[in-house]
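Colleague: target_10.pdb is reproduced below (PDB, C-alpha atoms, pLDDT in the B column).
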```pdb
ATOM      1  CA  MET A 824     106.938  61.183  76.248  1.00 53.00           C
ATOM      2  CA  TYR A 825     104.863  64.046  77.716  1.00 54.00           C
ATOM      3  CA  GLU A 826     103.642  65.473  74.428  1.00 51.00           C
ATOM      4  CA  ALA A 827     101.206  68.302  75.053  1.00 47.00           C
ATOM      5  CA  ALA A 828     101.259  67.672  78.808  1.00 60.00           C
ATOM      6  CA  PRO A 829     100.083  70.652  80.830  1.00 89.00           C
ATOM      7  CA  THR A 830     102.780  72.626  82.583  1.00 91.00           C
ATOM      8  CA  GLU A 831     101.394  71.724  86.015  1.00 91.00           C
ATOM      9  CA  GLU A 832     101.726  68.018  85.254  1.00 92.00           C
ATOM     10  CA  LEU A 833     105.246  68.455  83.890  1.00 93.00           C
ATOM     11  CA  ALA A 834     106.201  70.383  87.017  1.00 94.00           C
ATOM     12  CA  ARG A 835     104.920  67.613  89.302  1.00 93.00           C
ATOM     13  CA  HIS A 836     106.855  64.970  87.369  1.00 94.00           C
ATOM     14  CA  ALA A 837     109.984  67.144  87.259  1.00 95.00           C
ATOM     15  CA  ALA A 838     109.741  67.789  91.014  1.00 94.00           C
ATOM     16  CA  ALA A 839     109.623  64.026  91.513  1.00 94.00           C
ATOM     17  CA  GLY A 840     112.960  63.722  89.689  1.00 94.00           C
ATOM     18  CA  ASP A 841     111.898  63.013  86.090  1.00 95.00           C
ATOM     19  CA  ARG A 842     114.661  64.570  83.922  1.00 95.00           C
ATOM     20  CA  ALA A 843     112.684  64.249  80.676  1.00 95.00           C
ATOM     21  CA  ALA A 844     109.761  66.122  82.254  1.00 94.00           C
ATOM     22  CA  LEU A 845     112.147  68.814  83.500  1.00 95.00           C
ATOM     23  CA  ASP A 846     113.650  69.275  80.029  1.00 96.00           C
ATOM     24  CA  GLU A 847     110.210  69.559  78.486  1.00 95.00           C
ATOM     25  CA  LEU A 848     109.038  71.894  81.258  1.00 96.00           C
ATOM     26  CA  LEU A 849     111.982  74.240  80.731  1.00 96.00           C
ATOM     27  CA  ALA A 850     111.362  74.343  76.978  1.00 95.00           C
ATOM     28  CA  ALA A 851     107.647  74.973  77.532  1.00 95.00           C
ATOM     29  CA  ILE A 852     108.028  77.826  80.028  1.00 96.00           C
ATOM     30  CA  ARG A 853     110.960  79.662  78.405  1.00 95.00           C
ATOM     31  CA  PRO A 854     108.909  82.112  76.260  1.00 94.00           C
ATOM     32  CA  GLU A 855     106.608  82.952  79.176  1.00 92.00           C
ATOM     33  CA  VAL A 856     109.569  83.374  81.533  1.00 94.00           C
ATOM     34  CA  VAL A 857     111.288  85.860  79.200  1.00 92.00           C
ATOM     35  CA  ARG A 858     107.997  87.735  78.740  1.00 89.00           C
ATOM     36  CA  ARG A 859     107.490  87.938  82.496  1.00 87.00           C
ATOM     37  CA  CYS A 860     111.078  89.089  83.046  1.00 88.00           C
ATOM     38  CA  GLY A 861     110.361  91.775  80.458  1.00 84.00           C
ATOM     39  CA  ARG A 862     107.715  93.174  82.821  1.00 80.00           C
ATOM     40  CA  PHE A 863     110.530  94.042  85.195  1.00 80.00           C
ATOM     41  CA  LEU A 864     113.451  94.793  82.891  1.00 79.00           C
ATOM     42  CA  PRO A 865     113.020  97.207  79.977  1.00 73.00           C
ATOM     43  CA  CYS A 866     115.963  95.947  77.908  1.00 81.00           C
ATOM     44  CA  ARG A 867     115.213  92.744  75.968  1.00 84.00           C
ATOM     45  CA  GLU A 868     118.753  91.399  76.460  1.00 87.00           C
ATOM     46  CA  ASP A 869     118.508  91.894  80.228  1.00 86.00           C
ATOM     47  CA  ALA A 870     115.105  90.179  80.290  1.00 86.00           C
ATOM     48  CA  GLU A 871     116.530  87.250  78.337  1.00 92.00           C
ATOM     49  CA  GLU A 872     119.504  87.029  80.687  1.00 92.00           C
ATOM     50  CA  ALA A 873     117.200  87.089  83.713  1.00 91.00           C
ATOM     51  CA  GLY A 874     115.085  84.458  81.954  1.00 94.00           C
ATOM     52  CA  GLN A 875     118.112  82.195  81.728  1.00 95.00           C
ATOM     53  CA  ASP A 876     118.687  82.724  85.445  1.00 95.00           C
ATOM     54  CA  VAL A 877     115.063  81.749  86.085  1.00 95.00           C
ATOM     55  CA  LEU A 878     115.371  78.564  84.040  1.00 96.00           C
ATOM     56  CA  LEU A 879     118.560  77.666  85.887  1.00 96.00           C
ATOM     57  CA  GLN A 880     116.853  78.259  89.244  1.00 95.00           C
ATOM     58  CA  VAL A 881     113.856  76.181  88.168  1.00 96.00           C
ATOM     59  CA  ALA A 882     116.163  73.333  87.144  1.00 96.00           C
ATOM     60  CA  ARG A 883     118.075  73.540  90.416  1.00 96.00           C
ATOM     61  CA  LYS A 884     115.119  74.002  92.757  1.00 94.00           C
ATOM     62  CA  ILE A 885     112.272  72.102  91.098  1.00 95.00           C
ATOM     63  CA  GLY A 886     112.546  69.545  93.876  1.00 93.00           C
ATOM     64  CA  THR A 887     111.307  72.191  96.330  1.00 91.00           C
ATOM     65  CA  PHE A 888     108.053  72.575  94.370  1.00 91.00           C
ATOM     66  CA  GLU A 889     105.605  70.679  96.552  1.00 86.00           C
ATOM     67  CA  GLY A 890     102.495  71.170  94.438  1.00 82.00           C
ATOM     68  CA  ARG A 891     100.522  72.806  97.262  1.00 79.00           C
ATOM     69  CA  SER A 892     100.002  75.846  95.059  1.00 77.00           C
ATOM     70  CA  ARG A 893     100.025  76.071  91.293  1.00 84.00           C
ATOM     71  CA  PHE A 894     103.374  75.801  89.529  1.00 91.00           C
ATOM     72  CA  SER A 895     102.712  79.160  87.850  1.00 86.00           C
ATOM     73  CA  THR A 896     102.574  80.790  91.289  1.00 82.00           C
ATOM     74  CA  TRP A 897     105.848  79.158  92.296  1.00 87.00           C
ATOM     75  CA  LEU A 898     107.364  80.215  88.982  1.00 90.00           C
ATOM     76  CA  TYR A 899     106.250  83.838  89.457  1.00 85.00           C
ATOM     77  CA  THR A 900     108.220  83.951  92.681  1.00 83.00           C
ATOM     78  CA  VAL A 901     111.349  82.726  90.916  1.00 90.00           C
ATOM     79  CA  VAL A 902     110.806  85.208  88.048  1.00 89.00           C
ATOM     80  CA  ALA A 903     110.303  88.159  90.393  1.00 84.00           C
ATOM     81  CA  ASN A 904     113.358  87.302  92.471  1.00 84.00           C
ATOM     82  CA  CYS A 905     115.639  86.693  89.468  1.00 89.00           C
ATOM     83  CA  ALA A 906     114.509  89.830  87.626  1.00 85.00           C
ATOM     84  CA  ARG A 907     115.007  91.987  90.707  1.00 82.00           C
ATOM     85  CA  GLN A 908     118.400  90.364  91.307  1.00 87.00           C
ATOM     86  CA  LYS A 909     119.407  91.051  87.684  1.00 87.00           C
ATOM     87  CA  TYR A 910     118.375  94.680  88.088  1.00 82.00           C
ATOM     88  CA  ARG A 911     120.475  95.017  91.255  1.00 81.00           C
ATOM     89  CA  GLU A 912     123.410  93.362  89.490  1.00 85.00           C
ATOM     90  CA  LEU A 913     123.143  95.714  86.501  1.00 78.00           C
ATOM     91  CA  LYS A 914     122.867  98.726  88.793  1.00 76.00           C
ATOM     92  CA  ARG A 915     125.892  97.620  90.828  1.00 79.00           C
ATOM     93  CA  ARG A 916     127.917  96.874  87.695  1.00 76.00           C
ATOM     94  CA  SER A 917     127.040 100.281  86.269  1.00 70.00           C
ATOM     95  CA  ALA A 918     128.129 102.022  89.468  1.00 71.00           C
ATOM     96  CA  GLU A 919     131.387 100.066  89.639  1.00 73.00           C
ATOM     97  CA  GLN A 920     132.343 100.426  85.990  1.00 65.00           C
ATOM     98  CA  PRO A 921     130.839 103.532  84.463  1.00 56.00           C
ATOM     99  CA  THR A 922     131.250 103.318  80.717  1.00 50.00           C
ATOM    100  CA  PRO A 923     131.745 106.304  78.463  1.00 51.00           C
ATOM    101  CA  ILE A 924     128.623 107.235  76.565  1.00 47.00           C
ATOM    102  CA  ASP A 925     128.758 106.243  72.927  1.00 48.00           C
ATOM    103  CA  ALA A 926     126.857 108.929  71.016  1.00 43.00           C
ATOM    104  CA  ASP A 927     125.620 106.353  68.497  1.00 46.00           C
ATOM    105  CA  ARG A 928     124.208 104.095  71.210  1.00 44.00           C
ATOM    106  CA  HIS A 929     123.013 106.700  73.720  1.00 43.00           C
ATOM    107  CA  ALA A 930     119.249 106.810  73.985  1.00 42.00           C
ATOM    108  CA  ASP A 931     117.597 110.079  73.108  1.00 39.00           C
ATOM    109  CA  PRO A 932     115.266 110.937  76.021  1.00 39.00           C
ATOM    110  CA  ARG A 933     112.642 112.153  73.529  1.00 33.00           C
ATOM    111  CA  THR A 934     112.409 108.695  71.951  1.00 35.00           C
ATOM    112  CA  THR A 935     113.066 106.500  74.974  1.00 35.00           C
ATOM    113  CA  SER A 936     110.077 104.395  75.939  1.00 37.00           C
ATOM    114  CA  VAL A 937     107.969 105.790  78.745  1.00 39.00           C
ATOM    115  CA  ILE A 938     107.256 102.193  79.710  1.00 42.00           C
ATOM    116  CA  ALA A 939     110.971 101.450  80.066  1.00 45.00           C
ATOM    117  CA  GLY A 940     111.401 104.528  82.250  1.00 50.00           C
ATOM    118  CA  SER A 941     108.463 103.595  84.427  1.00 64.00           C
ATOM    119  CA  ARG A 942     109.832 100.057  84.855  1.00 65.00           C
ATOM    120  CA  LEU A 943     113.155 101.442  86.030  1.00 68.00           C
ATOM    121  CA  ASP A 944     111.339 103.803  88.381  1.00 77.00           C
ATOM    122  CA  LEU A 945     109.378 100.866  89.744  1.00 76.00           C
ATOM    123  CA  LEU A 946     112.529  98.784  90.229  1.00 77.00           C
ATOM    124  CA  GLU A 947     114.118 101.698  92.067  1.00 82.00           C
ATOM    125  CA  ALA A 948     111.015 102.030  94.222  1.00 84.00           C
ATOM    126  CA  LEU A 949     111.048  98.287  94.968  1.00 83.00           C
ATOM    127  CA  ASP A 950     114.719  98.493  95.854  1.00 83.00           C
ATOM    128  CA  ARG A 951     114.017 101.363  98.255  1.00 88.00           C
ATOM    129  CA  LEU A 952     110.969  99.596  99.707  1.00 88.00           C
ATOM    130  CA  GLU A 953     113.089  96.515 100.325  1.00 87.00           C
ATOM    131  CA  ARG A 954     115.651  98.597 102.219  1.00 90.00           C
ATOM    132  CA  GLU A 955     113.096 100.508 104.283  1.00 93.00           C
ATOM    133  CA  HIS A 956     110.188  98.052 104.680  1.00 93.00           C
ATOM    134  CA  PRO A 957     111.233  94.569 103.488  1.00 89.00           C
ATOM    135  CA  HIS A 958     108.023  92.912 104.724  1.00 92.00           C
ATOM    136  CA  LEU A 959     106.007  95.029 102.255  1.00 91.00           C
ATOM    137  CA  VAL A 960     107.835  93.922  99.094  1.00 87.00           C
ATOM    138  CA  ALA A 961     106.258  90.480  98.585  1.00 86.00           C
ATOM    139  CA  PRO A 962     102.636  91.700  98.711  1.00 89.00           C
ATOM    140  CA  LEU A 963     103.343  94.428  96.162  1.00 87.00           C
ATOM    141  CA  VAL A 964     105.282  92.129  93.831  1.00 82.00           C
ATOM    142  CA  TYR A 965     102.799  89.245  93.985  1.00 82.00           C
ATOM    143  CA  ARG A 966      99.633  91.302  93.583  1.00 84.00           C
ATOM    144  CA  ASP A 967     100.603  94.288  91.436  1.00 81.00           C
ATOM    145  CA  LEU A 968     103.421  92.901  89.306  1.00 75.00           C
ATOM    146  CA  CYS A 969     102.688  89.195  89.172  1.00 73.00           C
ATOM    147  CA  GLN A 970      98.934  89.901  89.206  1.00 74.00           C
ATOM    148  CA  LEU A 971      98.111  86.934  91.417  1.00 79.00           C
ATOM    149  CA  GLU A 972      94.682  86.744  93.031  1.00 86.00           C
ATOM    150  CA  TYR A 973      94.630  88.056  96.604  1.00 91.00           C
ATOM    151  CA  ALA A 974      94.187  84.633  98.234  1.00 90.00           C
ATOM    152  CA  GLU A 975      96.934  83.047  96.155  1.00 85.00           C
ATOM    153  CA  ALA A 976      99.303  85.961  96.765  1.00 85.00           C
ATOM    154  CA  ALA A 977      98.634  85.840 100.510  1.00 89.00           C
ATOM    155  CA  GLU A 978      99.277  82.088 100.557  1.00 85.00           C
ATOM    156  CA  ARG A 979     102.493  82.554  98.595  1.00 80.00           C
ATOM    157  CA  SER A 980     103.564  85.282 101.037  1.00 84.00           C
ATOM    158  CA  GLY A 981     102.819  82.963 103.936  1.00 87.00           C
ATOM    159  CA  ILE A 982     100.560  85.442 105.725  1.00 93.00           C
ATOM    160  CA  PRO A 983      96.810  85.636 106.421  1.00 95.00           C
ATOM    161  CA  LEU A 984      94.690  87.360 103.772  1.00 95.00           C
ATOM    162  CA  GLY A 985      93.819  90.320 106.025  1.00 96.00           C
ATOM    163  CA  THR A 986      97.485  90.901 106.851  1.00 96.00           C
ATOM    164  CA  PHE A 987      98.355  90.597 103.170  1.00 95.00           C
ATOM    165  CA  LYS A 988      95.783  93.244 102.197  1.00 95.00           C
ATOM    166  CA  SER A 989      96.982  95.552 104.942  1.00 96.00           C
ATOM    167  CA  ARG A 990     100.618  95.194 103.862  1.00 94.00           C
ATOM    168  CA  LEU A 991      99.694  95.679 100.213  1.00 93.00           C
ATOM    169  CA  HIS A 992      97.848  98.892 101.072  1.00 94.00           C
ATOM    170  CA  GLU A 993     100.847 100.139 103.048  1.00 94.00           C
ATOM    171  CA  ALA A 994     103.278  99.145 100.278  1.00 92.00           C
ATOM    172  CA  ARG A 995     101.249 101.073  97.697  1.00 91.00           C
ATOM    173  CA  ARG A 996     101.079 104.070 100.047  1.00 92.00           C
ATOM    174  CA  GLN A 997     104.869 104.006 100.513  1.00 91.00           C
ATOM    175  CA  VAL A 998     105.703 103.561  96.816  1.00 88.00           C
ATOM    176  CA  ARG A 999     103.212 106.053  95.341  1.00 87.00           C
ATOM    177  CA  PRO A1000     105.165 109.243  96.180  1.00 87.00           C
ATOM    178  CA  TRP A1001     108.435 107.698  94.991  1.00 84.00           C
ATOM    179  CA  LEU A1002     106.904 106.884  91.629  1.00 79.00           C
ATOM    180  CA  SER A1003     105.250 110.314  91.370  1.00 73.00           C
ATOM    181  CA  ALA A1004     108.564 112.038  92.116  1.00 69.00           C
ATOM    182  CA  ALA A1005     110.282 109.994  89.393  1.00 59.00           C
ATOM    183  CA  ARG A1006     108.073 111.449  86.664  1.00 54.00           C
TER     184      ARG A1006
END
```
Kindly present the structure from the file in structure tokens form.

Modeller:
Amino acid sequence: MYEAAPTEELARHAAAGDRAALDELLAAIRPEVVRRCGRFLPCREDAEEAGQDVLLQVARKIGTFEGRSRFSTWLYTVVANCARQKYRELKRRSAEQPTPIDADRHADPRTTSVIAGSRLDLLEALDRLEREHPHLVAPLVYRDLCQLEYAEAAERSGIPLGTFKSRLHEARRQVRPWLSAAR
């Protein structure tokens, strides 16, 4: 019915209650959602699992999409929240149920991806930032991870552009030493 319809149009129809548009929207955004989750989570399986959580959230909450901003902006918020939640869940599960290291499956630090390590460091830094300065998390996530334009990120954060820039600067200042220490 909506063959080759742009994602924004599908999102508007889905938000209005059109089930066929929602089904097509979910199928259309799935690859991008998993790719975006992969920016946060280094393990492909974890990114795919977070991607499923995102799709579920989109299906459940599409009615809250009002179309005032682009759907992609709204989706980035869902992706960021689900990926960070998945990371917290994995961290908690690991702490609660430490598993013995299987020598065949244990990653050799000499061959482990630097990118994967830096993503974990970033997630740790975001976790710490959220505990210590929760109002600084959204600006950092929207601008530096989601790579939204300043005005769009400020609008999504619900704060004036000047305040957004100030908080982003402070968030970067807070996180920088934590990331440097992790290396």

Colleague: Provide the CA of Glu868 in chain A to CA of Arg916 in chain A distance in Å, to one decimal place.

Modeller: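 For CA of Glu868 in chain A relative to CA of Arg916 in chain A, the distance reads 15.5 Å.
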
Colleague: Taking the file as shown, find all residues satisfying the PyMOL selection byres ((chain A and resi 853) around 12) and write them as a PDB file with C-alpha atoms, in the coordinates of the input.

Modeller:
```
ATOM      1  CA  THR A 830     102.780  72.626  82.583  1.00 91.00           C
ATOM      2  CA  ASP A 846     113.650  69.275  80.029  1.00 96.00           C
ATOM      3  CA  GLU A 847     110.210  69.559  78.486  1.00 95.00           C
ATOM      4  CA  LEU A 848     109.038  71.894  81.258  1.00 96.00           C
ATOM      5  CA  LEU A 849     111.982  74.240  80.731  1.00 96.00           C
ATOM      6  CA  ALA A 850     111.362  74.343  76.978  1.00 95.00           C
ATOM      7  CA  ALA A 851     107.647  74.973  77.532  1.00 95.00           C
ATOM      8  CA  ILE A 852     108.028  77.826  80.028  1.00 96.00           C
ATOM      9  CA  PRO A 854     108.909  82.112  76.260  1.00 94.00           C
ATOM     10  CA  GLU A 855     106.608  82.952  79.176  1.00 92.00           C
ATOM     11  CA  VAL A 856     109.569  83.374  81.533  1.00 94.00           C
ATOM     12  CA  VAL A 857     111.288  85.860  79.200  1.00 92.00           C
ATOM     13  CA  ARG A 858     107.997  87.735  78.740  1.00 89.00           C
ATOM     14  CA  ARG A 859     107.490  87.938  82.496  1.00 87.00           C
ATOM     15  CA  CYS A 860     111.078  89.089  83.046  1.00 88.00           C
ATOM     16  CA  ALA A 870     115.105  90.179  80.290  1.00 86.00           C
ATOM     17  CA  GLU A 871     116.530  87.250  78.337  1.00 92.00           C
ATOM     18  CA  GLU A 872     119.504  87.029  80.687  1.00 92.00           C
ATOM     19  CA  ALA A 873     117.200  87.089  83.713  1.00 91.00           C
ATOM     20  CA  GLY A 874     115.085  84.458  81.954  1.00 94.00           C
ATOM     21  CA  GLN A 875     118.112  82.195  81.728  1.00 95.00           C
ATOM     22  CA  ASP A 876     118.687  82.724  85.445  1.00 95.00           C
ATOM     23  CA  VAL A 877     115.063  81.749  86.085  1.00 95.00           C
ATOM     24  CA  LEU A 878     115.371  78.564  84.040  1.00 96.00           C
ATOM     25  CA  LEU A 879     118.560  77.666  85.887  1.00 96.00           C
ATOM     26  CA  VAL A 881     113.856  76.181  88.168  1.00 96.00           C
ATOM     27  CA  ALA A 882     116.163  73.333  87.144  1.00 96.00           C
ATOM     28  CA  LEU A 898     107.364  80.215  88.982  1.00 90.00           C
ATOM     29  CA  VAL A 902     110.806  85.208  88.048  1.00 89.00           C
TER      30      VAL A 902
END
```

Colleague: Go through A:Ala976, A:Leu959, A:Leu845, A:Ala906 one by one, measure the shortest atom-to-atom distance of each to Ser989 in chain A using all atoms listed in the file, and give the residue with the smallest value.

Modeller: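 Among the listed residues, the smallest separation from Ser989 in chain A belongs to A:Leu959.
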
Colleague: Could you tell me which of A:Ala961, A:Leu945, A:Ile885, A:Ala994 comes closest to Arg862 in chain A if we count all atoms listed in the file?

Modeller: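 Nearest to Arg862 in chain A: A:Leu945.
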
Colleague: Work out how far apart CA of Glu972 in chain A and CA of Ala948 in chain A are and give it in Å to one decimal.

Modeller: 22.4 Å

Colleague: At a cut-off of 12 Å from (108.4, 70.3, 89.2) in the coordinates of the file, what residues are picked up using all atoms listed in the file, written as a PyMOL selection string?

Modeller: chain A and resi 829-849+852+878+880-895+897-898

Colleague: Rounded to one decimal place, report the CA of Tyr899 in chain A-CA of Arg951 in chain A distance in Å.

Modeller: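 Atom-to-atom, CA of Tyr899 in chain A to CA of Arg951 in chain A, that is 21.1 Å.
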
Colleague: Applied to the shown file, which residues does the PyMOL selection byres ((chain A and resi 965-969) around 9) return, written as a list in words?

Modeller: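 Output of the PyMOL selection byres ((chain A and resi 965-969) around 9): Arg859, Arg862, Phe863, Thr896, Tyr899, Thr900, Ala903, Val960, Ala961, Pro962, Leu963, Val964, Gln970, Leu971, Glu972, Tyr973, Glu975, Ala976, Ala977, Arg979, Ser980 and Leu991 of chain A.
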
Colleague: Taking only C-alpha atoms into account, name the residue in A:Cys866, A:Gln997, A:Leu949, A:Glu919 that is nearest to Arg907 in chain A.

Modeller: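 The closest residue to Arg907 in chain A is A:Leu949.
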
Colleague: Starting from the incomplete input, reconstruct all heavy atoms of range 867-877 of chain A and write that as a PDB file, in the frame of the given file.

Modeller:
```pdb
ATOM      1  N   ARG A 867     115.490  94.135  76.374  1.00 84.00           N
ATOM      2  CA  ARG A 867     115.213  92.744  75.968  1.00 84.00           C
ATOM      3  C   ARG A 867     116.366  91.804  76.357  1.00 84.00           C
ATOM      4  O   ARG A 867     116.136  90.710  76.855  1.00 84.00           O
ATOM      5  CB  ARG A 867     114.977  92.701  74.452  1.00 84.00           C
ATOM      6  CG  ARG A 867     114.810  91.317  73.893  1.00 84.00           C
ATOM      7  CD  ARG A 867     113.374  90.915  73.867  1.00 84.00           C
ATOM      8  NE  ARG A 867     113.242  89.579  73.300  1.00 84.00           N
ATOM      9  CZ  ARG A 867     112.339  88.727  73.679  1.00 84.00           C
ATOM     10  NH1 ARG A 867     111.471  89.064  74.589  1.00 84.00           N
ATOM     11  NH2 ARG A 867     112.266  87.537  73.132  1.00 84.00           N
ATOM     12  N   GLU A 868     117.602  92.244  76.141  1.00 87.00           N
ATOM     13  CA  GLU A 868     118.753  91.399  76.460  1.00 87.00           C
ATOM     14  C   GLU A 868     118.812  91.096  77.961  1.00 87.00           C
ATOM     15  O   GLU A 868     119.130  89.984  78.361  1.00 87.00           O
ATOM     16  CB  GLU A 868     120.070  92.041  76.007  1.00 87.00           C
ATOM     17  CG  GLU A 868     120.228  92.151  74.508  1.00 87.00           C
ATOM     18  CD  GLU A 868     119.519  93.368  73.911  1.00 87.00           C
ATOM     19  OE1 GLU A 868     119.083  94.271  74.665  1.00 87.00           O
ATOM     20  OE2 GLU A 868     119.375  93.406  72.678  1.00 87.00           O
ATOM     21  N   ASP A 869     118.506  92.101  78.781  1.00 86.00           N
ATOM     22  CA  ASP A 869     118.508  91.894  80.228  1.00 86.00           C
ATOM     23  C   ASP A 869     117.391  90.931  80.634  1.00 86.00           C
ATOM     24  O   ASP A 869     117.582  90.075  81.493  1.00 86.00           O
ATOM     25  CB  ASP A 869     118.344  93.223  80.973  1.00 86.00           C
ATOM     26  CG  ASP A 869     119.524  94.156  80.752  1.00 86.00           C
ATOM     27  OD1 ASP A 869     120.613  93.677  80.381  1.00 86.00           O
ATOM     28  OD2 ASP A 869     119.348  95.373  80.945  1.00 86.00           O
ATOM     29  N   ALA A 870     116.229  91.078  80.000  1.00 86.00           N
ATOM     30  CA  ALA A 870     115.105  90.179  80.290  1.00 86.00           C
ATOM     31  C   ALA A 870     115.457  88.743  79.899  1.00 86.00           C
ATOM     32  O   ALA A 870     115.146  87.798  80.627  1.00 86.00           O
ATOM     33  CB  ALA A 870     113.849  90.642  79.561  1.00 86.00           C
ATOM     34  N   GLU A 871     116.123  88.591  78.765  1.00 92.00           N
ATOM     35  CA  GLU A 871     116.530  87.250  78.337  1.00 92.00           C
ATOM     36  C   GLU A 871     117.563  86.663  79.281  1.00 92.00           C
ATOM     37  O   GLU A 871     117.522  85.470  79.608  1.00 92.00           O
ATOM     38  CB  GLU A 871     117.047  87.283  76.902  1.00 92.00           C
ATOM     39  CG  GLU A 871     115.937  87.492  75.895  1.00 92.00           C
ATOM     40  CD  GLU A 871     116.424  87.615  74.461  1.00 92.00           C
ATOM     41  OE1 GLU A 871     117.655  87.622  74.240  1.00 92.00           O
ATOM     42  OE2 GLU A 871     115.557  87.714  73.582  1.00 92.00           O
ATOM     43  N   GLU A 872     118.484  87.494  79.737  1.00 92.00           N
ATOM     44  CA  GLU A 872     119.504  87.029  80.687  1.00 92.00           C
ATOM     45  C   GLU A 872     118.857  86.626  82.014  1.00 92.00           C
ATOM     46  O   GLU A 872     119.174  85.580  82.574  1.00 92.00           O
ATOM     47  CB  GLU A 872     120.536  88.140  80.911  1.00 92.00           C
ATOM     48  CG  GLU A 872     121.833  87.645  81.482  1.00 92.00           C
ATOM     49  CD  GLU A 872     122.898  88.737  81.505  1.00 92.00           C
ATOM     50  OE1 GLU A 872     123.034  89.480  80.520  1.00 92.00           O
ATOM     51  OE2 GLU A 872     123.571  88.825  82.547  1.00 92.00           O
ATOM     52  N   ALA A 873     117.925  87.436  82.484  1.00 91.00           N
ATOM     53  CA  ALA A 873     117.200  87.089  83.713  1.00 91.00           C
ATOM     54  C   ALA A 873     116.392  85.821  83.486  1.00 91.00           C
ATOM     55  O   ALA A 873     116.288  84.974  84.386  1.00 91.00           O
ATOM     56  CB  ALA A 873     116.294  88.239  84.143  1.00 91.00           C
ATOM     57  N   GLY A 874     115.837  85.669  82.288  1.00 94.00           N
ATOM     58  CA  GLY A 874     115.085  84.458  81.954  1.00 94.00           C
ATOM     59  C   GLY A 874     115.949  83.219  82.048  1.00 94.00           C
ATOM     60  O   GLY A 874     115.501  82.164  82.534  1.00 94.00           O
ATOM     61  N   GLN A 875     117.188  83.326  81.599  1.00 95.00           N
ATOM     62  CA  GLN A 875     118.112  82.195  81.728  1.00 95.00           C
ATOM     63  C   GLN A 875     118.376  81.877  83.198  1.00 95.00           C
ATOM     64  O   GLN A 875     118.457  80.712  83.581  1.00 95.00           O
ATOM     65  CB  GLN A 875     119.435  82.494  81.001  1.00 95.00           C
ATOM     66  CG  GLN A 875     119.322  82.484  79.500  1.00 95.00           C
ATOM     67  CD  GLN A 875     118.843  81.141  78.978  1.00 95.00           C
ATOM     68  OE1 GLN A 875     119.294  80.085  79.403  1.00 95.00           O
ATOM     69  NE2 GLN A 875     117.903  81.191  78.043  1.00 95.00           N
ATOM     70  N   ASP A 876     118.500  82.933  84.003  1.00 95.00           N
ATOM     71  CA  ASP A 876     118.687  82.724  85.445  1.00 95.00           C
ATOM     72  C   ASP A 876     117.482  82.009  86.046  1.00 95.00           C
ATOM     73  O   ASP A 876     117.628  81.122  86.898  1.00 95.00           O
ATOM     74  CB  ASP A 876     118.903  84.059  86.165  1.00 95.00           C
ATOM     75  CG  ASP A 876     120.211  84.737  85.785  1.00 95.00           C
ATOM     76  OD1 ASP A 876     121.091  84.071  85.208  1.00 95.00           O
ATOM     77  OD2 ASP A 876     120.345  85.954  86.065  1.00 95.00           O
ATOM     78  N   VAL A 877     116.282  82.386  85.596  1.00 95.00           N
ATOM     79  CA  VAL A 877     115.063  81.749  86.085  1.00 95.00           C
ATOM     80  C   VAL A 877     115.070  80.264  85.731  1.00 95.00           C
ATOM     81  O   VAL A 877     114.812  79.410  86.578  1.00 95.00           O
ATOM     82  CB  VAL A 877     113.798  82.429  85.510  1.00 95.00           C
ATOM     83  CG1 VAL A 877     112.546  81.614  85.812  1.00 95.00           C
ATOM     84  CG2 VAL A 877     113.657  83.846  86.048  1.00 95.00           C
TER      85      VAL A 877
END
```
